[in-house]
>>> print(open('data18.txt').read())   # compact mmCIF, C-alpha atoms
# COMPACT_ATOMS: atom_id res chain seq x y z
CA MET A 1 -59.20 -6.24 -0.71
CA PHE A 2 -61.69 -3.50 0.19
CA ILE A 3 -64.21 -4.74 2.75
CA ASP A 4 -61.84 -6.03 5.40
CA PRO A 5 -59.57 -2.94 5.67
CA ILE A 6 -62.66 -0.75 6.12
CA VAL A 7 -64.18 -2.81 8.94
CA GLY A 8 -60.80 -3.77 10.42
CA ARG A 9 -57.63 -1.70 10.18
CA PHE A 10 -59.33 1.60 9.28
CA GLN A 11 -62.57 1.26 11.22
CA GLU A 12 -61.86 4.47 13.16
CA HIS A 13 -61.70 6.46 9.93
CA ALA A 14 -64.06 4.70 7.51
CA GLU A 15 -67.44 3.03 7.72
CA LEU A 16 -68.94 0.37 5.48
CA VAL A 17 -72.52 1.62 5.01
CA GLY A 18 -73.79 -0.82 2.41
CA LEU A 19 -73.09 -3.80 0.16
CA CYS A 20 -74.88 -4.28 -3.15
CA ASP A 21 -75.01 -7.57 -5.05
CA ASN A 22 -77.58 -9.22 -7.30
CA SER A 23 -77.29 -12.47 -5.30
CA ALA A 24 -78.96 -12.70 -1.89
CA THR A 25 -76.73 -15.69 -1.14
CA ARG A 26 -73.55 -13.70 -1.64
CA ARG A 27 -74.90 -10.78 0.38
CA GLU A 28 -75.70 -13.10 3.29
CA PHE A 29 -72.28 -14.79 2.99
CA HIS A 30 -70.49 -11.49 3.56
CA GLN A 31 -72.87 -10.38 6.28
CA GLN A 32 -72.28 -13.54 8.27
CA ARG A 33 -68.52 -13.50 7.69
CA LEU A 34 -68.12 -9.90 8.85
CA VAL A 35 -70.16 -10.49 12.02
CA ARG A 36 -68.24 -13.68 12.75
CA GLU A 37 -64.79 -12.17 12.20
CA TYR A 38 -65.27 -8.55 13.32
CA GLY A 39 -68.41 -8.51 15.48
CA GLY A 40 -70.97 -5.74 15.56
CA GLU A 41 -74.24 -5.42 13.68
CA PRO A 42 -74.65 -6.90 10.18
CA VAL A 43 -73.87 -4.41 7.42
CA LYS A 44 -76.91 -3.39 5.41
CA THR A 45 -77.15 -5.04 2.00
CA TYR A 46 -79.08 -4.16 -1.14
CA SER A 47 -80.12 -5.87 -4.35
CA ASP A 48 -80.69 -2.58 -6.21
CA PHE A 49 -77.80 -0.15 -6.64
CA GLU A 50 -79.74 3.11 -6.77
CA THR A 51 -81.75 2.06 -3.72
CA MET A 52 -78.46 1.67 -1.88
CA LEU A 53 -77.24 5.08 -3.01
CA ASN A 54 -80.41 6.75 -1.74
CA ALA A 55 -80.63 4.82 1.53
CA ALA A 56 -76.97 4.47 2.58
CA LYS A 57 -75.85 7.91 1.31
CA PRO A 58 -72.21 6.93 0.80
CA ASP A 59 -69.42 9.46 0.34
CA THR A 60 -67.48 7.01 -1.83
CA VAL A 61 -68.57 3.99 -3.86
CA ILE A 62 -66.21 1.09 -4.59
CA VAL A 63 -66.96 -0.62 -7.91
CA CYS A 64 -65.80 -4.25 -8.30
CA THR A 65 -68.34 -5.66 -10.72
CA PRO A 66 -67.52 -7.49 -13.99
CA ASP A 67 -65.46 -5.17 -16.17
CA TYR A 68 -68.09 -4.44 -18.82
CA SER A 69 -70.40 -2.90 -16.19
CA HIS A 70 -67.88 -0.63 -14.43
CA ASP A 71 -69.01 2.37 -16.47
CA GLU A 72 -72.65 1.90 -15.44
CA PHE A 73 -71.95 1.98 -11.71
CA ILE A 74 -69.21 4.62 -11.90
CA ILE A 75 -71.52 6.99 -13.77
CA LYS A 76 -74.50 6.38 -11.47
CA SER A 77 -72.29 7.03 -8.45
CA LEU A 78 -70.88 10.25 -9.89
CA LYS A 79 -74.36 11.52 -10.75
CA HIS A 80 -75.37 10.81 -7.17
CA GLY A 81 -72.53 13.04 -5.92
CA CYS A 82 -70.17 10.28 -4.81
CA ASP A 83 -66.48 9.87 -5.36
CA VAL A 84 -65.56 6.48 -6.84
CA ILE A 85 -62.87 3.86 -6.32
CA SER A 86 -62.88 1.48 -9.30
CA GLU A 87 -61.15 -1.84 -9.69
CA LYS A 88 -58.93 -2.02 -12.76
CA PRO A 89 -59.59 -1.87 -15.63
CA LEU A 90 -61.51 1.39 -15.53
CA THR A 91 -63.77 0.01 -18.27
CA THR A 92 -63.50 -2.11 -21.45
CA THR A 93 -63.95 0.17 -24.48
CA ALA A 94 -63.07 3.66 -25.64
CA GLU A 95 -66.78 4.53 -25.92
CA LYS A 96 -67.46 3.60 -22.28
CA CYS A 97 -64.32 5.45 -21.26
CA GLN A 98 -65.66 8.62 -22.89
CA ALA A 99 -68.93 8.30 -20.99
CA ILE A 100 -67.00 8.09 -17.70
CA PHE A 101 -64.91 11.15 -18.58
CA ASP A 102 -68.07 13.11 -19.40
CA ALA A 103 -69.65 12.12 -16.07
CA VAL A 104 -66.53 13.13 -14.13
CA GLU A 105 -66.53 16.53 -15.80
CA CYS A 106 -70.23 17.11 -15.11
CA SER A 107 -70.10 15.93 -11.50
CA GLY A 108 -66.85 17.48 -10.30
CA LYS A 109 -66.21 14.27 -8.32
CA THR A 110 -63.19 11.97 -8.56
CA VAL A 111 -62.51 8.42 -9.77
CA ARG A 112 -59.53 6.46 -8.43
CA THR A 113 -58.27 3.45 -10.39
CA THR A 114 -56.81 0.80 -8.07
CA PHE A 115 -53.47 -0.16 -9.59
CA ASN A 116 -52.21 -2.05 -6.56
CA LEU A 117 -49.32 -3.51 -8.56
CA ARG A 118 -47.68 -0.05 -8.55
CA TRP A 119 -47.27 -0.44 -4.78
CA SER A 120 -45.36 -3.73 -4.90
CA PRO A 121 -41.82 -3.16 -3.57
CA GLY A 122 -39.93 -4.51 -6.57
CA VAL A 123 -41.74 -2.50 -9.22
CA SER A 124 -41.56 0.60 -6.99
CA LYS A 125 -37.79 0.16 -6.86
CA VAL A 126 -37.66 -0.05 -10.68
CA ARG A 127 -39.53 3.25 -10.83
CA GLU A 128 -37.11 4.86 -8.36
CA ILE A 129 -34.06 3.78 -10.39
CA ILE A 130 -35.55 5.06 -13.65
CA GLN A 131 -36.60 8.33 -11.97
CA SER A 132 -33.07 8.81 -10.60
CA GLY A 133 -31.59 8.88 -14.11
CA THR A 134 -29.09 6.11 -13.33
CA ILE A 135 -29.68 4.36 -16.66
CA GLY A 136 -30.23 7.62 -18.54
CA ARG A 137 -33.25 8.14 -20.74
CA VAL A 138 -35.23 4.94 -21.26
CA ARG A 139 -35.59 3.99 -24.91
CA HIS A 140 -37.06 0.49 -24.92
CA ILE A 141 -38.82 -2.01 -22.63
CA ASN A 142 -39.35 -5.74 -23.10
CA PHE A 143 -42.07 -7.16 -20.85
CA GLU A 144 -42.95 -10.87 -20.81
CA TYR A 145 -45.77 -12.08 -18.53
CA TRP A 146 -46.53 -15.73 -17.75
CA LEU A 147 -49.89 -16.95 -16.45
CA ASN A 148 -49.76 -20.57 -15.34
CA THR A 149 -52.23 -23.43 -15.75
CA SER A 150 -53.73 -22.64 -12.35
CA HIS A 151 -54.19 -18.86 -12.37
CA GLY A 152 -54.18 -18.48 -16.15
CA ALA A 153 -56.64 -21.30 -16.64
CA ASP A 154 -58.99 -19.72 -14.12
CA TYR A 155 -59.78 -16.85 -16.48
CA PHE A 156 -61.16 -19.41 -18.91
CA ARG A 157 -63.54 -20.92 -16.34
CA ARG A 158 -65.19 -17.59 -15.49
CA TRP A 159 -67.02 -14.69 -17.08
CA HIS A 160 -63.61 -13.33 -18.13
CA SER A 161 -63.58 -15.87 -20.99
CA GLN A 162 -66.24 -13.82 -22.81
CA LYS A 163 -64.70 -10.82 -24.55
CA ASP A 164 -67.83 -8.73 -24.36
CA LEU A 165 -67.72 -9.03 -20.55
CA SER A 166 -64.00 -8.60 -19.84
CA GLY A 167 -62.48 -7.03 -22.94
CA GLY A 168 -60.17 -10.05 -23.07
CA LEU A 169 -56.95 -10.49 -21.15
CA LEU A 170 -55.35 -7.54 -22.95
CA ILE A 171 -57.75 -5.35 -20.99
CA HIS A 172 -58.64 -7.33 -17.88
CA LYS A 173 -55.14 -8.59 -17.02
CA SER A 174 -52.69 -6.60 -19.15
CA THR A 175 -54.02 -3.26 -17.94
CA HIS A 176 -51.92 -3.96 -14.80
CA HIS A 177 -48.80 -4.39 -16.94
CA PHE A 178 -49.47 -1.55 -19.37
CA ASP A 179 -50.03 0.73 -16.42
CA LEU A 180 -46.71 -0.28 -14.87
CA ILE A 181 -44.90 0.55 -18.08
CA ASN A 182 -46.73 3.87 -18.53
CA TRP A 183 -45.85 4.73 -14.92
CA TRP A 184 -42.22 3.61 -15.11
CA LEU A 185 -41.73 5.70 -18.25
CA ASN A 186 -43.99 8.55 -17.11
CA ALA A 187 -45.24 8.41 -20.69
CA ILE A 188 -48.51 8.29 -22.64
CA PRO A 189 -49.08 5.60 -25.31
CA GLU A 190 -49.55 6.77 -28.88
CA LYS A 191 -49.70 3.84 -31.33
CA VAL A 192 -50.37 0.10 -30.92
CA PHE A 193 -49.97 -3.00 -33.07
CA ALA A 194 -50.92 -6.49 -31.83
CA PHE A 195 -51.38 -10.15 -32.62
CA GLY A 196 -53.48 -12.53 -30.54
CA ASP A 197 -55.18 -15.89 -30.77
CA LEU A 198 -56.75 -18.73 -28.78
CA VAL A 199 -54.15 -21.46 -29.20
CA PHE A 200 -54.35 -23.61 -26.05
CA TYR A 201 -57.73 -23.40 -24.30
CA GLY A 202 -61.04 -24.09 -26.05
CA LYS A 203 -62.54 -27.32 -27.37
CA LYS A 204 -60.93 -27.17 -30.82
CA ASN A 205 -57.41 -26.88 -29.44
CA ALA A 206 -57.85 -29.75 -26.98
CA ILE A 207 -59.15 -32.03 -29.73
CA GLU A 208 -56.27 -31.12 -32.04
CA ARG A 209 -53.81 -32.11 -29.27
CA GLY A 210 -55.52 -35.47 -28.86
CA GLU A 211 -57.14 -34.50 -25.53
CA GLU A 212 -60.81 -34.76 -26.49
CA SER A 213 -61.55 -36.53 -23.19
CA LEU A 214 -60.99 -33.19 -21.41
CA THR A 215 -63.93 -31.67 -23.32
CA ALA A 216 -66.55 -34.19 -22.18
CA TYR A 217 -68.20 -32.02 -19.50
CA ASP A 218 -69.29 -28.38 -19.45
CA ARG A 219 -68.23 -27.79 -15.82
CA TYR A 220 -65.99 -29.52 -13.28
CA THR A 221 -67.86 -29.77 -9.96
CA GLY A 222 -69.59 -33.14 -9.77
CA ALA A 223 -68.73 -34.08 -13.35
CA THR A 224 -68.21 -37.78 -14.03
CA GLY A 225 -64.74 -38.33 -15.46
CA ALA A 226 -63.33 -35.01 -14.22
CA GLU A 227 -61.69 -36.46 -11.10
CA SER A 228 -58.25 -36.79 -12.74
CA ASP A 229 -58.48 -33.71 -14.98
CA PRO A 230 -55.44 -31.47 -14.19
CA PHE A 231 -57.55 -28.39 -15.00
CA ARG A 232 -60.33 -29.39 -12.63
CA LEU A 233 -61.71 -26.90 -10.10
CA SER A 234 -64.25 -28.27 -7.62
CA LEU A 235 -66.43 -25.74 -5.83
CA ASP A 236 -67.13 -28.40 -3.18
CA GLU A 237 -63.53 -28.43 -1.95
CA ASP A 238 -63.23 -24.81 -0.80
CA GLU A 239 -65.52 -23.18 1.76
CA THR A 240 -65.36 -19.76 0.11
CA LEU A 241 -65.96 -21.11 -3.39
CA THR A 242 -68.94 -23.05 -2.06
CA GLY A 243 -70.41 -20.09 -0.18
CA LEU A 244 -69.89 -17.40 -2.81
CA TYR A 245 -70.45 -19.37 -5.99
CA LYS A 246 -71.96 -22.85 -5.78
CA ASN A 247 -74.60 -21.87 -3.22
CA ALA A 248 -75.34 -18.71 -5.21
CA GLU A 249 -75.91 -20.33 -8.59
CA PHE A 250 -79.68 -20.48 -8.19
CA ASP A 251 -80.08 -16.73 -7.58
CA SER A 252 -77.15 -15.39 -9.63
CA GLY A 253 -77.05 -17.71 -12.62
CA TYR A 254 -73.24 -17.59 -12.48
CA ILE A 255 -71.30 -20.84 -13.05
CA ARG A 256 -67.80 -20.37 -11.62
CA ASP A 257 -66.17 -23.66 -12.71
CA ARG A 258 -66.81 -24.03 -16.44
CA ASN A 259 -64.58 -26.31 -18.50
CA VAL A 260 -61.61 -24.44 -19.98
CA PHE A 261 -61.87 -26.68 -23.06
CA ARG A 262 -65.45 -25.84 -24.04
CA HIS A 263 -66.48 -24.35 -27.38
CA ASP A 264 -67.72 -20.83 -26.53
CA ILE A 265 -64.55 -19.07 -25.30
CA THR A 266 -64.06 -15.77 -27.14
CA ILE A 267 -60.83 -14.35 -25.64
CA GLU A 268 -57.20 -14.96 -26.63
CA ASP A 269 -54.68 -16.89 -24.54
CA SER A 270 -51.53 -15.84 -26.45
CA MET A 271 -50.81 -12.19 -27.27
CA SER A 272 -47.97 -10.00 -28.55
CA VAL A 273 -48.15 -6.19 -28.54
CA LEU A 274 -45.93 -3.36 -29.79
CA VAL A 275 -46.44 0.16 -28.38
CA LYS A 276 -44.89 3.50 -29.37
CA TYR A 277 -45.15 6.36 -26.86
CA ARG A 278 -45.70 10.06 -27.50
CA THR A 279 -42.18 10.75 -26.22
CA GLY A 280 -40.58 8.10 -28.41
CA GLU A 281 -40.11 5.09 -26.13
CA MET A 282 -40.95 1.63 -27.45
CA LEU A 283 -42.51 -1.40 -25.73
CA SER A 284 -42.46 -5.07 -26.74
CA TYR A 285 -45.03 -7.00 -24.66
CA SER A 286 -46.22 -10.60 -24.53
CA LEU A 287 -48.75 -12.49 -22.41
CA ASN A 288 -49.33 -16.25 -22.40
CA ALA A 289 -51.96 -17.89 -20.19
CA TYR A 290 -50.89 -21.56 -20.31
CA CYS A 291 -47.36 -21.51 -18.86
CA PRO A 292 -45.84 -23.91 -16.30
CA VAL A 293 -44.67 -20.88 -14.27
CA GLU A 294 -46.32 -17.69 -13.01
CA GLY A 295 -44.70 -14.26 -13.02
CA PHE A 296 -42.91 -11.88 -15.35
CA ARG A 297 -39.56 -10.73 -16.69
CA VAL A 298 -38.81 -7.18 -17.81
CA THR A 299 -35.77 -5.44 -19.25
CA VAL A 300 -35.53 -1.66 -19.33
CA SER A 301 -32.92 -0.26 -21.72
CA GLY A 302 -31.70 3.30 -21.30
CA ASP A 303 -28.93 5.23 -23.04
CA ARG A 304 -26.72 4.87 -19.94
CA GLY A 305 -27.56 1.35 -18.82
CA ARG A 306 -30.09 -1.38 -18.28
CA ILE A 307 -32.40 -2.81 -15.62
CA GLU A 308 -33.41 -6.47 -15.49
CA TYR A 309 -36.26 -7.37 -13.15
CA GLU A 310 -38.05 -10.66 -12.60
CA GLU A 311 -40.80 -11.90 -10.29
CA ARG A 312 -41.96 -15.48 -9.73
CA HIS A 313 -45.42 -15.86 -8.22
CA ALA A 314 -47.29 -18.61 -6.42
CA SER A 315 -49.80 -20.81 -8.20
CA HIS A 316 -53.25 -19.90 -6.95
CA ILE A 317 -56.97 -19.68 -7.51
CA ILE A 318 -58.57 -16.43 -6.37
CA THR A 319 -61.49 -17.42 -4.16
CA GLY A 320 -62.83 -14.03 -3.12
CA SER A 321 -61.98 -14.53 0.54
CA LYS A 322 -60.36 -11.89 2.73
CA GLN A 323 -57.04 -13.64 2.05
CA VAL A 324 -57.20 -12.82 -1.66
CA GLY A 325 -54.13 -10.59 -1.35
CA ASP A 326 -52.10 -13.48 0.07
CA ALA A 327 -53.00 -15.49 -3.02
CA GLU A 328 -50.87 -13.07 -5.03
CA ALA A 329 -47.80 -14.18 -3.08
CA ILE A 330 -44.44 -13.28 -4.62
CA HIS A 331 -41.96 -16.12 -4.26
CA THR A 332 -38.92 -14.32 -5.62
CA MET A 333 -37.96 -10.85 -6.82
CA ARG A 334 -34.66 -10.27 -8.58
CA LEU A 335 -33.48 -6.82 -9.66
CA THR A 336 -30.20 -6.22 -11.50
CA LEU A 337 -28.79 -2.80 -12.42
CA GLN A 338 -26.13 -2.64 -15.12
CA PRO A 339 -24.82 0.82 -16.09
CA LEU A 340 -22.90 1.01 -19.36
CA PHE A 341 -19.21 0.01 -19.02
CA SER A 342 -19.71 -1.13 -15.41
CA GLU A 343 -20.24 -4.43 -13.63
CA PRO A 344 -23.87 -5.41 -12.90
CA ARG A 345 -25.04 -5.25 -9.30
CA MET A 346 -27.99 -6.74 -7.47
CA ILE A 347 -30.42 -4.30 -5.85
CA ASP A 348 -31.98 -5.19 -2.48
CA ILE A 349 -35.77 -5.11 -2.37
CA PRO A 350 -37.53 -4.65 0.99
CA VAL A 351 -40.51 -6.98 1.40
CA GLN A 352 -43.36 -6.29 3.82
CA ASP A 353 -46.36 -8.29 4.98
CA GLY A 354 -49.47 -8.32 2.80
CA GLY A 355 -50.49 -9.11 -0.75
CA HIS A 356 -48.35 -8.12 -3.71
CA GLY A 357 -45.21 -8.20 -1.57
CA GLY A 358 -46.66 -5.71 0.88
CA GLY A 359 -48.15 -3.41 -1.75
CA ASP A 360 -51.83 -4.00 -0.88
CA PRO A 361 -51.67 -2.49 2.65
CA LEU A 362 -49.97 0.60 1.21
CA ILE A 363 -52.69 1.34 -1.36
CA GLN A 364 -55.38 0.54 1.22
CA GLU A 365 -53.84 3.19 3.47
CA GLN A 366 -54.05 5.70 0.62
CA MET A 367 -57.73 4.88 0.10
CA PHE A 368 -59.00 4.64 3.67
CA SER A 369 -56.71 6.72 5.91
CA PRO A 370 -57.63 10.39 6.39
CA TYR A 371 -53.91 11.25 6.51
CA PRO A 372 -52.08 8.89 4.13
CA PRO A 373 -48.31 9.22 3.77
CA VAL A 374 -47.02 11.41 0.96
CA ASP A 375 -46.26 9.28 -2.08
CA SER A 376 -43.02 10.58 -3.62
CA ILE A 377 -43.12 8.37 -6.73
CA GLY A 378 -46.67 9.05 -7.92
CA ARG A 379 -48.38 5.69 -7.37
CA ASN A 380 -51.94 7.02 -6.98
CA ALA A 381 -53.96 7.00 -10.21
CA GLY A 382 -57.16 8.74 -11.27
CA HIS A 383 -59.46 8.10 -14.20
CA GLU A 384 -57.15 9.60 -16.83
CA GLN A 385 -54.20 7.40 -15.91
CA GLY A 386 -56.65 4.50 -15.69
CA ALA A 387 -57.69 5.25 -19.25
CA ALA A 388 -54.07 5.33 -20.48
CA SER A 389 -53.61 1.63 -19.71
CA LEU A 390 -56.99 0.28 -20.81
CA LEU A 391 -56.73 2.17 -24.11
CA ILE A 392 -53.60 0.20 -24.99
CA GLY A 393 -55.68 -2.96 -24.56
CA ALA A 394 -58.61 -1.51 -26.49
CA ALA A 395 -56.32 -0.45 -29.34
CA ALA A 396 -54.62 -3.87 -29.27
CA ASN A 397 -58.01 -5.61 -29.56
CA LEU A 398 -58.85 -3.44 -32.56
CA SER A 399 -55.43 -4.13 -34.09
CA ILE A 400 -55.94 -7.89 -33.75
CA ALA A 401 -59.35 -7.59 -35.40
CA THR A 402 -58.13 -5.43 -38.32
CA ALA A 403 -54.47 -6.52 -38.65
CA LYS A 404 -53.54 -2.81 -38.66
CA PRO A 405 -51.65 -0.48 -36.31
CA ILE A 406 -54.01 1.68 -34.26
CA SER A 407 -53.40 5.27 -33.19
CA ILE A 408 -54.94 5.77 -29.75
CA ASN A 409 -55.94 9.34 -30.64
CA GLU A 410 -58.14 7.86 -33.37
CA ILE A 411 -60.26 6.02 -30.82
CA PHE A 412 -60.04 8.42 -27.85
CA ASP A 413 -58.83 11.96 -27.14
CA LEU A 414 -56.59 11.45 -24.12
CA LYS A 415 -55.36 15.02 -23.63
CA ALA A 416 -53.59 15.21 -26.98
CA GLU A 417 -51.42 18.08 -25.71
CA ALA A 418 -50.06 16.07 -22.75
CA LYS A 419 -46.66 14.37 -23.00
CA LYS A 420 -46.16 12.71 -19.61
CA LEU A 421 -48.39 10.36 -17.64
CA SER A 422 -48.02 12.74 -14.69
CA ASP A 423 -49.89 15.33 -16.80
CA LEU A 424 -52.95 13.12 -16.39
CA SER A 425 -55.02 12.77 -13.22
>>> encode(input="data18.txt", output="structure tokens")
Amino acid sequence: MFIDPIVGRFQEHAELVGLCDNSATRREFHQQRLVREYGGEPVKTYSDFETMLNAAKPDTVIVCTPDYSHDEFIIKSLKHGCDVISEKPLTTTAEKCQAIFDAVECSGKTVRTTFNLRWSPGVSKVREIIQSGTIGRVRHINFEYWLNTSHGADYFRRWHSQKDLSGGLLIHKSTHHFDLINWWLNAIPEKVFAFGDLVFYGKKNAIERGEESLTAYDRYTGATGAESDPFRLSLDEDETLTGLYKNAEFDSGYIRDRNVFRHDITIEDSMSVLVKYRTGEMLSYSLNAYCPVEGFRVTVSGDRGRIEYEERHASHIITGSKQVGDAEAIHTMRLTLQPLFSEPRMIDIPVQDGGHGGGDPLIQEQMFSPYPPVDSIGRNAGHEQGAASLLIGAAANLSIATAKPISINEIFDLKAEAKKLSDLS
């Protein structure tokens, strides 16, 4: 997502001056791959982040570490005088979010949050229709997201399955969806109420369904009896998974293929969320991570009409290769516009090459081109807009824990005087 555009498409305008990772195996994997595919000298790599900052002297740092540690590397980069590009979510808690805001204010530098889903052609078209006023003022959105037993299950094999590392799917995954809704509405969330539970994955649930045999091994690669397990992921069967994960286990300690039906999973796999916005709009949201299909369906109800939009996605496992964007392939996009008292009509959606229906190359151009095209629908996002989405997830987590509605202003002061998302950086 980040490395290859810098050394490839935008090599005349950007330079990759350093890679930092705590695994020497992973550092060497990327070094060798870049030389093999792009030529030139191996990029310098570092095991210590501050050593890299001092030696490589970057203008911008890209942070794509596990979610719980984003704040650490964002803040160190800002204090070093660097701008930052951070993978979503910006961070995992309101407290860490405040520390990032304080560091931005002290440093005078910028933090971009990479919401590449905003750049997908279908969701961009939804934004354009809402912005045009065709369906009047939006009053309510229903958003239903399905993660399948390939992609959805993969979160339960990895570090994401520990809530203290990822914030749970309501932060790690749903921040994409909450951001879309904030952006479509150009609105700031105010109050959140949520339910969530682990109802499918985990050892207890498998046993209750009579599938105890699926819990017999802690990981999948090389496990006796796992050959016919439909949830099996073998690191031996994919060159990238082998190079980045299996070969790196001895120096990283990271096990990439843990059993999704083990006992120590601490995140939810089924969630329902209600959100009220400062300007009055309402959201009904659901996420399930054990579906037979992958994608989402959304309905946007305005006082002059309605939008129905649906995407179906490919089944995939993200391997970390340069083709990661292609793994997010969109099989179908369907957009219907129905003004009040009129017949519904289908809206054409232009699709381009690249991940997320052609959205990834567009956001990469914004990040790495010195003269990116003007974005007329406000798809770029800074740290404040990044906070607006993760705070819905943080408030939802707190609501699940307390069984109470949570006012976002009670956990974080997100420009209380602002009304629109566009009022935030």
>>> residues_around(input="data18.txt", residues="Asp360 of chain A", least_positions_apart="3", cutoff="8 Å", atoms="only C-alpha atoms", output="PyMOL selection string")
chain A and resi 1+116+119-120+325+354-357+363-364
>>> closest_atom_pairs(input="data18.txt", of="segment 169-251 of chain A", to="segment 415-422 of chain A", cutoff="12 Å", atoms="all atoms listed in the file", output="tab-separated table")
residue	atom	partner	partner_atom	distance
A:Asp179	CA	A:Leu421	CA	9.8
A:Leu180	CA	A:Leu421	CA	11.1
A:Ile181	CA	A:Leu421	CA	10.4
A:Asn182	CA	A:Leu421	CA	6.8
A:Trp183	CA	A:Leu421	CA	6.7
A:Trp184	CA	A:Leu421	CA	9.5
A:Leu185	CA	A:Leu421	CA	8.2
A:Asn186	CA	A:Leu421	CA	4.8
A:Ala187	CA	A:Lys420	CA	4.5
A:Ile188	CA	A:Leu421	CA	5.4
A:Pro189	CA	A:Leu421	CA	9.1
A:Glu190	CA	A:Ala416	CA	9.5
>>> closest_atom_pairs(input="data18.txt", of="segment 89-176 of chain A", to="segment 371-395 of chain A", cutoff="8 Å", atoms="all atoms listed in the file", output="tab-separated table")
residue	atom	partner	partner_atom	distance
A:Pro89	CA	A:Leu390	CA	6.2
A:Leu90	CA	A:Gly386	CA	5.8
A:Thr91	CA	A:Leu390	CA	7.2
A:Thr92	CA	A:Leu390	CA	7.0
A:Thr93	CA	A:Ala394	CA	5.9
A:Ala94	CA	A:Leu391	CA	6.7
A:Cys97	CA	A:Ala387	CA	6.9
A:Phe101	CA	A:His383	CA	7.6
A:Thr110	CA	A:Gly382	CA	7.4
A:Val111	CA	A:His383	CA	5.4
A:Arg112	CA	A:Gly382	CA	4.3
A:Thr113	CA	A:Gly382	CA	5.5
A:Thr114	CA	A:Ala381	CA	7.2
A:Phe115	CA	A:Ala381	CA	7.2
A:Arg118	CA	A:Arg379	CA	5.9
A:Trp119	CA	A:Arg379	CA	6.7
A:Ser124	CA	A:Ile377	CA	7.9
A:Arg127	CA	A:Ile377	CA	7.5
A:Glu128	CA	A:Ile377	CA	7.1
A:Gly167	CA	A:Ala394	CA	7.6
A:Leu170	CA	A:Gly393	CA	4.9
A:Ile171	CA	A:Gly393	CA	4.8
A:Ser174	CA	A:Gly393	CA	7.2
A:Thr175	CA	A:Ser389	CA	5.2
A:His176	CA	A:Ser389	CA	7.6
>>> atom_distance(input="data18.txt", atom1="atom CA of Thr299 of chain A", atom2="atom CA of Ile267 of chain A")
27.4 Å
>>> residues_around(input="data18.txt", residues="Leu165 of chain A", least_positions_apart="3", cutoff="12 Å", atoms="all atoms listed in the file", output="list in words")
Thr65, Pro66, Asp67, Tyr68, Ser69, His70, Pro89, Thr91, Thr92, Thr93, Tyr155, Arg158, Trp159, His160, Ser161, Gln162, Gly168, Leu169, Ile171, His172, Ile265, Thr266 and Ile267 of chain A
>>> atom_distance(input="data18.txt", atom1="atom CA of Phe156 of chain A", atom2="atom CA of Pro5 of chain A")
29.6 Å
>>> atom_distance(input="data18.txt", atom1="atom CA of Val43 of chain A", atom2="atom CA of Phe29 of chain A")
11.4 Å
>>> residues_around(input="data18.txt", residues="Asn22 of chain A", least_positions_apart="5", cutoff="8 Å", atoms="all atoms listed in the file", output="list in words")
Ser47, Asp48, Asp251 and Ser252 of chain A
>>> axis_aligned_box(input="data18.txt", around="segment 107-123 of chain A", padding_each_side="3 Å", output="lines of an AutoDock Vina configuration file")
center_x = -55.0
center_y = 6.5
center_z = -7.5
size_x = 36.2
size_y = 28.0
size_z = 13.9
>>> closest_residue(input="data18.txt", among="A:Trp146, A:Tyr254, A:Phe193, A:Phe49", to="Ser407 of chain A", atoms="all atoms listed in the file")
A:Phe193
>>> closest_residue(input="data18.txt", among="A:Val63, A:Ala153, A:Ile3, A:Ile400", to="Phe195 of chain A", atoms="all atoms listed in the file")
A:Ile400
>>> residues_around(input="data18.txt", residues="segment 280-289 of chain A", least_positions_apart="2", cutoff="9 Å", atoms="all atoms listed in the file", output="tab-separated table (two decimals) with C-alpha atoms, keeping the file's coordinate frame")
chain	number	residue	atom	x	y	z
A	138	VAL	CA	-35.23	4.94	-21.26
A	139	ARG	CA	-35.59	3.99	-24.91
A	140	HIS	CA	-37.06	0.49	-24.92
A	141	ILE	CA	-38.82	-2.01	-22.63
A	142	ASN	CA	-39.35	-5.74	-23.10
A	143	PHE	CA	-42.07	-7.16	-20.85
A	144	GLU	CA	-42.95	-10.87	-20.81
A	145	TYR	CA	-45.77	-12.08	-18.53
A	146	TRP	CA	-46.53	-15.73	-17.75
A	147	LEU	CA	-49.89	-16.95	-16.45
A	148	ASN	CA	-49.76	-20.57	-15.34
A	149	THR	CA	-52.23	-23.43	-15.75
A	151	HIS	CA	-54.19	-18.86	-12.37
A	152	GLY	CA	-54.18	-18.48	-16.15
A	153	ALA	CA	-56.64	-21.30	-16.64
A	155	TYR	CA	-59.78	-16.85	-16.48
A	169	LEU	CA	-56.95	-10.49	-21.15
A	170	LEU	CA	-55.35	-7.54	-22.95
A	174	SER	CA	-52.69	-6.60	-19.15
A	177	HIS	CA	-48.80	-4.39	-16.94
A	178	PHE	CA	-49.47	-1.55	-19.37
A	181	ILE	CA	-44.90	0.55	-18.08
A	185	LEU	CA	-41.73	5.70	-18.25
A	187	ALA	CA	-45.24	8.41	-20.69
A	200	PHE	CA	-54.35	-23.61	-26.05
A	201	TYR	CA	-57.73	-23.40	-24.30
A	268	GLU	CA	-57.20	-14.96	-26.63
A	269	ASP	CA	-54.68	-16.89	-24.54
A	270	SER	CA	-51.53	-15.84	-26.45
A	271	MET	CA	-50.81	-12.19	-27.27
A	272	SER	CA	-47.97	-10.00	-28.55
A	273	VAL	CA	-48.15	-6.19	-28.54
A	274	LEU	CA	-45.93	-3.36	-29.79
A	275	VAL	CA	-46.44	0.16	-28.38
A	276	LYS	CA	-44.89	3.50	-29.37
A	277	TYR	CA	-45.15	6.36	-26.86
A	278	ARG	CA	-45.70	10.06	-27.50
A	291	CYS	CA	-47.36	-21.51	-18.86
